[in-house]
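Have a look at the structure below, then the notes.
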Amino acid sequence: MVETVPTVLAVVVVVLFGVALWAMSAGNFALAGTSFLSASIGIYFRETRLRDE
């Protein structure tokens with residue numbers, strides 16, 4: 001069965017990477033950096049806090 005919270009968090013991370021790439025190509029580097037940082041934090045929480053032991 002698919003776990004909902006980790007799956008939703010993975011989708012959010014992919015969307016954040018898309019926003020970051022779009023913002024970087026548009027020249028909005030503050031938004032790109034914030035999106036990359038948010039995606040990294042999302043990956044960290046997904047891998048450390050939501051992992052089955």
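Please note that chains go A, B, ... in the order of the structure tokens, that every chain numbers its residues from 1, and that ligands are numbered from 1 in the order shown.
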Can you tell me which residues surround segment 11-24 of chain A at a distance of at most 10 Å, considering only C-alpha atoms, apart from same-chain residues fewer than 5 positions away, and format the answer as a ChimeraX atom specification? /A:5-6,29-43,46
Written selection (C-alpha atoms) as an mmCIF file, in the first residue's frame:
data_model
loop_
_atom_site.group_PDB
_atom_site.id
_atom_site.type_symbol
_atom_site.label_atom_id
_atom_site.label_comp_id
_atom_site.auth_asym_id
_atom_site.auth_seq_id
_atom_site.Cartn_x
_atom_site.Cartn_y
_atom_site.Cartn_z
ATOM 1 C CA VAL A 5 2.530 11.517 3.558
ATOM 2 C CA PRO A 6 5.879 10.459 2.020
ATOM 3 C CA PHE A 29 17.533 33.852 -8.314
ATOM 4 C CA ALA A 30 16.054 34.585 -4.881
ATOM 5 C CA LEU A 31 12.996 32.469 -5.641
ATOM 6 C CA ALA A 32 15.163 29.776 -7.207
ATOM 7 C CA GLY A 33 17.416 29.584 -4.166
ATOM 8 C CA THR A 34 14.480 29.493 -1.782
ATOM 9 C CA SER A 35 12.827 26.737 -3.799
ATOM 10 C CA PHE A 36 16.003 24.652 -3.931
ATOM 11 C CA LEU A 37 16.494 25.094 -0.184
ATOM 12 C CA SER A 38 12.875 24.141 0.526
ATOM 13 C CA ALA A 39 13.170 21.063 -1.682
ATOM 14 C CA SER A 40 16.342 20.018 0.115
ATOM 15 C CA ILE A 41 14.676 20.387 3.503
ATOM 16 C CA GLY A 42 11.693 18.371 2.247
ATOM 17 C CA ILE A 43 13.996 15.575 1.089
ATOM 18 C CA ARG A 46 11.234 12.622 4.148
#
So which residues of chain A fall under alpha helix (DSSP H) by DSSP, listed as number ranges by chain? A: 4-26, 29-48
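Around Glu3 of chain A, within 12 Å and counting only C-alpha atoms, the residues found are Pro6, Thr7, Val8, Leu9, Ala10, Arg46, Leu50, Arg51 and Asp52 of chain A, once anything fewer than 3 positions away on its own chain is removed.
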